[in-house]
$ cat data-v8.cif   # mmCIF, C-alpha atoms
data_entry
loop_
_atom_site.label_atom_id
_atom_site.label_comp_id
_atom_site.auth_asym_id
_atom_site.auth_seq_id
_atom_site.Cartn_x
_atom_site.Cartn_y
_atom_site.Cartn_z
CA MET A 1 -25.47 49.82 9.84
CA VAL A 2 -25.16 47.13 12.48
CA ILE A 3 -21.80 45.70 13.37
CA LYS A 4 -21.86 42.22 14.76
CA MET A 5 -19.23 41.28 17.25
CA VAL A 6 -18.06 37.74 16.87
CA ASP A 7 -16.35 36.05 19.74
CA LYS A 8 -13.29 34.50 18.20
CA THR A 9 -10.94 32.88 20.56
CA ILE A 10 -7.33 32.68 19.56
CA PRO A 11 -6.27 29.04 19.29
CA THR A 12 -3.59 27.95 21.69
CA LYS A 13 -0.24 26.69 20.53
CA ASP A 14 -1.35 23.10 21.20
CA GLU A 15 -4.58 23.58 19.21
CA ARG A 16 -2.64 25.01 16.27
CA ALA A 17 -0.25 22.03 16.35
CA VAL A 18 -3.18 19.61 16.39
CA ASP A 19 -4.75 21.50 13.46
CA VAL A 20 -1.50 21.23 11.48
CA TYR A 21 -1.23 17.49 12.17
CA ASP A 22 -4.88 16.95 11.26
CA THR A 23 -4.49 18.99 8.07
CA MET A 24 -1.36 17.13 7.01
CA ARG A 25 -2.94 13.74 7.75
CA ASP A 26 -6.14 14.65 5.88
CA ASN A 27 -4.23 15.96 2.86
CA LEU A 28 -2.07 12.83 2.63
CA ILE A 29 -5.14 10.59 2.92
CA ARG A 30 -6.91 12.61 0.20
CA THR A 31 -3.86 12.20 -2.05
CA VAL A 32 -3.76 8.43 -1.50
CA ASP A 33 -7.53 8.26 -2.15
CA GLU A 34 -7.01 9.99 -5.51
CA PHE A 35 -4.38 7.39 -6.46
CA ALA A 36 -6.77 4.66 -5.33
CA LYS A 37 -9.56 6.04 -7.55
CA ALA A 38 -7.39 5.53 -10.64
CA GLN A 39 -6.18 2.03 -9.68
CA PRO A 40 -9.20 0.11 -11.07
CA GLN A 41 -8.87 1.98 -14.39
CA TYR A 42 -5.16 1.14 -14.56
CA SER A 43 -5.85 -2.50 -13.76
CA GLN A 44 -8.56 -2.71 -16.40
CA SER A 45 -6.37 -0.99 -19.03
CA ILE A 46 -3.46 -3.34 -18.30
CA SER A 47 -5.77 -6.36 -18.42
CA ASN A 48 -7.26 -5.20 -21.75
CA LEU A 49 -3.77 -4.65 -23.17
CA GLN A 50 -2.70 -8.15 -22.09
CA LEU A 51 -5.80 -9.72 -23.68
CA ASP A 52 -5.22 -7.79 -26.92
CA TYR A 53 -1.56 -8.85 -26.92
CA ILE A 54 -2.54 -12.50 -26.43
CA GLN A 55 -5.09 -12.32 -29.25
CA THR A 56 -2.58 -10.59 -31.55
CA THR A 57 0.02 -13.29 -30.81
CA LYS A 58 -2.51 -16.05 -31.61
CA ASN A 59 -3.48 -14.31 -34.85
CA MET A 60 0.16 -13.91 -35.84
CA ILE A 61 0.85 -17.63 -35.22
CA GLN A 62 -2.28 -18.67 -37.16
CA SER A 63 -1.39 -16.41 -40.09
CA ALA A 64 2.26 -17.45 -40.23
CA PHE A 65 1.53 -21.19 -40.20
CA SER A 66 -1.39 -20.84 -42.57
CA ALA A 67 0.87 -19.03 -45.06
CA GLN A 68 3.63 -21.64 -44.70
CA LYS A 69 1.17 -24.51 -45.13
CA GLN A 70 -0.33 -22.87 -48.21
CA LEU A 71 3.12 -22.28 -49.69
CA ALA A 72 4.14 -25.88 -49.04
CA ASN A 73 0.94 -27.17 -50.71
CA THR A 74 1.41 -24.86 -53.68
CA LEU A 75 5.01 -25.95 -54.22
CA ASN A 76 4.17 -29.63 -53.56
CA VAL A 77 6.75 -29.89 -50.77
CA PRO A 78 6.88 -33.49 -49.54
CA SER A 79 5.95 -34.20 -45.93
CA VAL A 80 8.62 -33.74 -43.33
CA PRO A 81 10.72 -36.84 -42.67
CA TYR A 82 10.41 -38.09 -39.11
CA GLY A 83 7.14 -36.17 -38.77
CA GLU A 84 5.78 -38.44 -36.07
CA VAL A 85 8.92 -38.11 -33.94
CA PHE A 86 8.92 -34.34 -34.36
CA THR A 87 5.20 -34.13 -33.48
CA ARG A 88 5.66 -36.26 -30.34
CA GLN A 89 8.70 -34.28 -29.16
CA SER A 90 6.97 -30.99 -29.92
CA ASN A 91 3.96 -32.10 -27.86
CA GLU A 92 6.23 -33.13 -24.95
CA VAL A 93 8.13 -29.82 -25.00
CA THR A 94 4.86 -27.89 -25.17
CA ASN A 95 3.33 -29.86 -22.29
CA ASN A 96 6.47 -29.29 -20.19
CA ALA A 97 6.44 -25.59 -20.98
CA ILE A 98 2.74 -25.36 -20.04
CA ARG A 99 3.41 -27.15 -16.72
CA SER A 100 6.34 -24.77 -16.05
CA VAL A 101 4.16 -21.76 -16.77
CA GLY A 102 1.48 -23.15 -14.41
CA ILE A 103 4.05 -23.66 -11.64
CA ASN A 104 5.48 -20.19 -12.23
CA ASN A 105 1.99 -18.67 -12.13
CA GLN A 106 1.22 -20.42 -8.84
CA LEU A 107 4.53 -19.26 -7.33
CA THR A 108 3.80 -15.70 -8.44
CA ILE A 109 0.29 -15.81 -6.98
CA ASN A 110 1.68 -17.23 -3.72
CA ALA A 111 4.31 -14.46 -3.58
CA LEU A 112 1.65 -11.80 -4.16
CA ASP A 113 -0.59 -13.32 -1.49
CA ALA A 114 2.36 -13.41 0.93
CA ALA A 115 3.16 -9.76 0.16
CA ARG A 116 -0.47 -8.83 0.82
CA GLU A 117 -0.42 -10.74 4.13
CA ASN A 118 2.83 -9.00 5.07
CA LEU A 119 1.17 -5.64 4.45
CA LYS A 120 -1.64 -6.63 6.80
CA ILE A 121 0.90 -7.65 9.45
CA TYR A 122 2.81 -4.39 8.93
CA ASN A 123 -0.41 -2.42 9.31
CA ARG A 124 -1.24 -4.21 12.58
CA THR A 125 2.32 -3.59 13.79
CA VAL A 126 2.07 0.12 13.04
CA ASP A 127 -1.24 0.27 14.92
CA THR A 128 0.28 -1.54 17.90
CA LEU A 129 3.37 0.69 17.96
CA THR A 130 1.18 3.77 17.70
CA ASP A 131 -0.91 2.60 20.65
CA PHE A 132 2.26 1.80 22.60
CA SER A 133 3.78 5.22 21.86
CA THR A 134 0.53 6.95 22.78
CA ASN A 135 0.39 5.05 26.08
CA ILE A 136 4.01 5.93 26.86
CA THR A 137 3.34 9.59 26.06
CA LYS A 138 0.25 9.59 28.28
CA ALA A 139 2.20 7.93 31.12
CA TRP A 140 5.04 10.44 30.89
CA THR A 141 2.60 13.34 30.62
CA THR A 142 0.75 12.14 33.70
CA PHE A 143 4.02 11.65 35.59
CA TYR A 144 5.30 15.07 34.53
CA THR A 145 2.03 16.77 35.46
CA GLN A 146 2.01 15.09 38.87
CA GLN A 147 5.62 16.10 39.45
CA GLN A 148 4.81 19.70 38.46
CA GLN A 149 1.83 19.75 40.81
CA GLN A 150 3.88 18.24 43.62
CA PHE A 151 6.64 20.78 43.02
CA ALA A 152 4.10 23.62 43.02
CA GLN A 153 2.65 22.36 46.33
CA GLN A 154 6.11 22.15 47.83
CA GLN A 155 6.83 25.70 46.71
CA GLN A 156 3.57 26.88 48.28
CA GLN A 157 4.39 25.09 51.51
CA PHE A 158 7.88 26.54 51.51
CA ALA A 159 6.49 30.04 50.86
CA GLN A 160 3.99 29.60 53.71
CA GLN A 161 6.74 28.40 56.03
CA GLN A 162 8.86 31.40 55.10
CA GLN A 163 5.93 33.74 55.78
CA GLN A 164 5.37 32.13 59.17
CA PHE A 165 9.06 32.31 59.94
CA THR A 166 9.24 36.01 59.02
CA ARG A 167 6.17 36.77 61.17
CA GLN A 168 7.80 35.32 64.25
#
$ encode --input "data-v8.cif" --output "structure tokens"
Amino acid sequence: MVIKMVDKTIPTKDERAVDVYDTMRDNLIRTVDEFAKAQPQYSQSISNLQLDYIQTTKNMIQSAFSAQKQLANTLNVPSVPYGEVFTRQSNEVTNNAIRSVGINNQLTINALDAARENLKIYNRTVDTLTDFSTNITKAWTTFYTQQQQQFAQQQQQFAQQQQQFTRQ
């Protein structure tokens, strides 16, 4: 039986911290990716439901008015007085409603586009702040390291001076 010796170095505290941050980041990204995988299915299901609802509404309107018209013909109900006025006003109200819906749809689309643009701006801001924070951290780390080195040199010089002083 041969035993293989594997050289395993023990990770430093800094390496373990980096591993934890990397693991957390990767796990959160994987979770978001799983949500993103389902998004097209949700969108398609919602779109299909909306189309089915629209078709059902049209069918209901067709059926209701067809039944009323048939009933009126069967009972020999006379035509509606002021039919032309009612038809014209109904057309005007319908046209106004359709224009309002169009304006509302455009406003909604504009709001969604603005929200999307704001997300892009937010993303760029986060990237910029991250770069800024990283640069500040690097600057302070460099300053701190230089100060530590300078302090260590001063201690060495002081120790050497003390040794020379004690020799004399």
$ atom_distance --input "data-v8.cif" --atom1 "atom CA of A:Gln147" --atom2 "atom CA of A:Thr128"
28.4 Å
$ atom_distance --input "data-v8.cif" --atom1 "atom CA of A:Gln161" --atom2 "atom CA of A:Thr145"
24.1 Å
$ atom_distance --input "data-v8.cif" --atom1 "atom CA of A:Gln106" --atom2 "atom CA of A:Tyr42"
23.2 Å
$ axis_aligned_box --input "data-v8.cif" --around "stretch 39-54 of chain A" --padding-each-side "5 Å" --output "lines of an AutoDock Vina configuration file"
center_x = -5.4
center_y = -5.2
center_z = -18.3
size_x = 17.6
size_y = 24.5
size_z = 27.2
$ decode --input "data-v8.cif" --residues "stretch 9-55 of chain A" --atoms "N, CA and C atoms" --output "mmCIF file, in the first residue's frame"
data_model
loop_
_atom_site.group_PDB
_atom_site.id
_atom_site.type_symbol
_atom_site.label_atom_id
_atom_site.label_comp_id
_atom_site.auth_asym_id
_atom_site.auth_seq_id
_atom_site.Cartn_x
_atom_site.Cartn_y
_atom_site.Cartn_z
ATOM 1 N N THR A 9 -1.593 23.469 1.418
ATOM 2 C CA THR A 9 -1.285 24.631 2.234
ATOM 3 C C THR A 9 -2.560 25.115 2.884
ATOM 4 N N ILE A 10 -2.433 25.583 4.075
ATOM 5 C CA ILE A 10 -3.588 26.104 4.801
ATOM 6 C C ILE A 10 -3.827 27.529 4.305
ATOM 7 N N PRO A 11 -5.061 27.809 3.854
ATOM 8 C CA PRO A 11 -5.327 29.164 3.348
ATOM 9 C C PRO A 11 -5.187 30.195 4.463
ATOM 10 N N THR A 12 -4.714 31.330 4.090
ATOM 11 C CA THR A 12 -4.580 32.413 5.064
ATOM 12 C C THR A 12 -5.955 33.001 5.352
ATOM 13 N N LYS A 13 -5.981 33.827 6.383
ATOM 14 C CA LYS A 13 -7.247 34.465 6.758
ATOM 15 C C LYS A 13 -7.792 35.297 5.596
ATOM 16 N N ASP A 14 -6.900 36.019 4.907
ATOM 17 C CA ASP A 14 -7.333 36.839 3.767
ATOM 18 C C ASP A 14 -7.878 35.978 2.636
ATOM 19 N N GLU A 15 -7.224 34.839 2.373
ATOM 20 C CA GLU A 15 -7.698 33.946 1.303
ATOM 21 C C GLU A 15 -9.061 33.375 1.644
ATOM 22 N N ARG A 16 -9.260 33.013 2.924
ATOM 23 C CA ARG A 16 -10.571 32.486 3.333
ATOM 24 C C ARG A 16 -11.641 33.551 3.180
ATOM 25 N N ALA A 17 -11.335 34.800 3.517
ATOM 26 C CA ALA A 17 -12.309 35.893 3.374
ATOM 27 C C ALA A 17 -12.661 36.097 1.913
ATOM 28 N N VAL A 18 -11.645 36.047 1.043
ATOM 29 C CA VAL A 18 -11.898 36.203 -0.395
ATOM 30 C C VAL A 18 -12.770 35.055 -0.889
ATOM 31 N N ASP A 19 -12.478 33.824 -0.416
ATOM 32 C CA ASP A 19 -13.294 32.669 -0.812
ATOM 33 C C ASP A 19 -14.744 32.837 -0.384
ATOM 34 N N VAL A 20 -14.972 33.360 0.816
ATOM 35 C CA VAL A 20 -16.341 33.563 1.303
ATOM 36 C C VAL A 20 -17.050 34.600 0.444
ATOM 37 N N TYR A 21 -16.361 35.707 0.146
ATOM 38 C CA TYR A 21 -16.974 36.740 -0.697
ATOM 39 C C TYR A 21 -17.276 36.198 -2.090
ATOM 40 N N ASP A 22 -16.334 35.459 -2.656
ATOM 41 C CA ASP A 22 -16.550 34.883 -3.986
ATOM 42 C C ASP A 22 -17.708 33.900 -3.973
ATOM 43 N N THR A 23 -17.788 33.079 -2.938
ATOM 44 C CA THR A 23 -18.867 32.091 -2.826
ATOM 45 C C THR A 23 -20.217 32.785 -2.698
ATOM 46 N N MET A 24 -20.291 33.791 -1.837
ATOM 47 C CA MET A 24 -21.550 34.517 -1.661
ATOM 48 C C MET A 24 -21.980 35.188 -2.961
ATOM 49 N N ARG A 25 -21.036 35.867 -3.620
ATOM 50 C CA ARG A 25 -21.332 36.542 -4.888
ATOM 51 C C ARG A 25 -21.829 35.533 -5.919
ATOM 52 N N ASP A 26 -21.103 34.419 -6.056
ATOM 53 C CA ASP A 26 -21.477 33.406 -7.051
ATOM 54 C C ASP A 26 -22.850 32.809 -6.758
ATOM 55 N N ASN A 27 -23.132 32.556 -5.486
ATOM 56 C CA ASN A 27 -24.441 31.990 -5.128
ATOM 57 C C ASN A 27 -25.578 32.974 -5.412
ATOM 58 N N LEU A 28 -25.370 34.237 -5.111
ATOM 59 C CA LEU A 28 -26.409 35.233 -5.402
ATOM 60 C C LEU A 28 -26.621 35.379 -6.910
ATOM 61 N N ILE A 29 -25.552 35.372 -7.662
ATOM 62 C CA ILE A 29 -25.676 35.467 -9.130
ATOM 63 C C ILE A 29 -26.397 34.237 -9.674
ATOM 64 N N ARG A 30 -26.078 33.048 -9.159
ATOM 65 C CA ARG A 30 -26.774 31.833 -9.610
ATOM 66 C C ARG A 30 -28.267 31.921 -9.306
ATOM 67 N N THR A 31 -28.615 32.465 -8.136
ATOM 68 C CA THR A 31 -30.020 32.604 -7.760
ATOM 69 C C THR A 31 -30.741 33.557 -8.716
ATOM 70 N N VAL A 32 -30.120 34.690 -9.000
ATOM 71 C CA VAL A 32 -30.720 35.655 -9.933
ATOM 72 C C VAL A 32 -30.848 35.027 -11.322
ATOM 73 N N ASP A 33 -29.848 34.261 -11.746
ATOM 74 C CA ASP A 33 -29.913 33.587 -13.047
ATOM 75 C C ASP A 33 -31.086 32.603 -13.116
ATOM 76 N N GLU A 34 -31.379 31.929 -12.021
ATOM 77 C CA GLU A 34 -32.523 31.006 -11.997
ATOM 78 C C GLU A 34 -33.838 31.768 -12.152
ATOM 79 N N PHE A 35 -33.945 32.923 -11.476
ATOM 80 C CA PHE A 35 -35.135 33.768 -11.665
ATOM 81 C C PHE A 35 -35.229 34.220 -13.119
ATOM 82 N N ALA A 36 -34.094 34.594 -13.686
ATOM 83 C CA ALA A 36 -34.075 35.093 -15.067
ATOM 84 C C ALA A 36 -34.485 34.007 -16.057
ATOM 85 N N LYS A 37 -34.157 32.748 -15.769
ATOM 86 C CA LYS A 37 -34.545 31.651 -16.668
ATOM 87 C C LYS A 37 -36.067 31.546 -16.787
ATOM 88 N N ALA A 38 -36.766 31.801 -15.691
ATOM 89 C CA ALA A 38 -38.224 31.656 -15.676
ATOM 90 C C ALA A 38 -38.935 32.869 -16.261
ATOM 91 N N GLN A 39 -38.268 34.006 -16.327
ATOM 92 C CA GLN A 39 -38.896 35.255 -16.762
ATOM 93 C C GLN A 39 -39.546 35.149 -18.136
ATOM 94 N N PRO A 40 -38.889 34.591 -19.157
ATOM 95 C CA PRO A 40 -39.560 34.490 -20.462
ATOM 96 C C PRO A 40 -40.836 33.637 -20.407
ATOM 97 N N GLN A 41 -40.825 32.584 -19.597
ATOM 98 C CA GLN A 41 -42.017 31.743 -19.468
ATOM 99 C C GLN A 41 -43.151 32.533 -18.812
ATOM 100 N N TYR A 42 -42.814 33.300 -17.761
ATOM 101 C CA TYR A 42 -43.829 34.128 -17.115
ATOM 102 C C TYR A 42 -44.395 35.141 -18.102
ATOM 103 N N SER A 43 -43.515 35.798 -18.830
ATOM 104 C CA SER A 43 -43.971 36.809 -19.795
ATOM 105 C C SER A 43 -44.888 36.185 -20.839
ATOM 106 N N GLN A 44 -44.505 35.027 -21.352
ATOM 107 C CA GLN A 44 -45.318 34.357 -22.360
ATOM 108 C C GLN A 44 -46.664 33.927 -21.783
ATOM 109 N N SER A 45 -46.667 33.403 -20.556
ATOM 110 C CA SER A 45 -47.922 32.977 -19.920
ATOM 111 C C SER A 45 -48.848 34.166 -19.697
ATOM 112 N N ILE A 46 -48.294 35.270 -19.235
ATOM 113 C CA ILE A 46 -49.103 36.480 -19.011
ATOM 114 C C ILE A 46 -49.645 36.992 -20.340
ATOM 115 N N SER A 47 -48.806 37.010 -21.359
ATOM 116 C CA SER A 47 -49.244 37.462 -22.681
ATOM 117 C C SER A 47 -50.358 36.561 -23.216
ATOM 118 N N ASN A 48 -50.206 35.249 -23.088
ATOM 119 C CA ASN A 48 -51.245 34.314 -23.538
ATOM 120 C C ASN A 48 -52.554 34.534 -22.779
ATOM 121 N N LEU A 49 -52.448 34.746 -21.468
ATOM 122 C CA LEU A 49 -53.639 34.991 -20.663
ATOM 123 C C LEU A 49 -54.338 36.274 -21.114
ATOM 124 N N GLN A 50 -53.566 37.323 -21.377
ATOM 125 C CA GLN A 50 -54.157 38.579 -21.845
ATOM 126 C C GLN A 50 -54.867 38.390 -23.182
ATOM 127 N N LEU A 51 -54.227 37.674 -24.106
ATOM 128 C CA LEU A 51 -54.854 37.431 -25.417
ATOM 129 C C LEU A 51 -56.129 36.607 -25.282
ATOM 130 N N ASP A 52 -56.113 35.601 -24.410
ATOM 131 C CA ASP A 52 -57.316 34.788 -24.178
ATOM 132 C C ASP A 52 -58.425 35.634 -23.548
ATOM 133 N N TYR A 53 -58.051 36.513 -22.615
ATOM 134 C CA TYR A 53 -59.028 37.394 -21.980
ATOM 135 C C TYR A 53 -59.657 38.333 -23.010
ATOM 136 N N ILE A 54 -58.833 38.891 -23.882
ATOM 137 C CA ILE A 54 -59.339 39.790 -24.934
ATOM 138 C C ILE A 54 -60.307 39.040 -25.853
ATOM 139 N N GLN A 55 -59.920 37.837 -26.263
ATOM 140 C CA GLN A 55 -60.780 37.056 -27.153
ATOM 141 C C GLN A 55 -62.092 36.679 -26.454
#
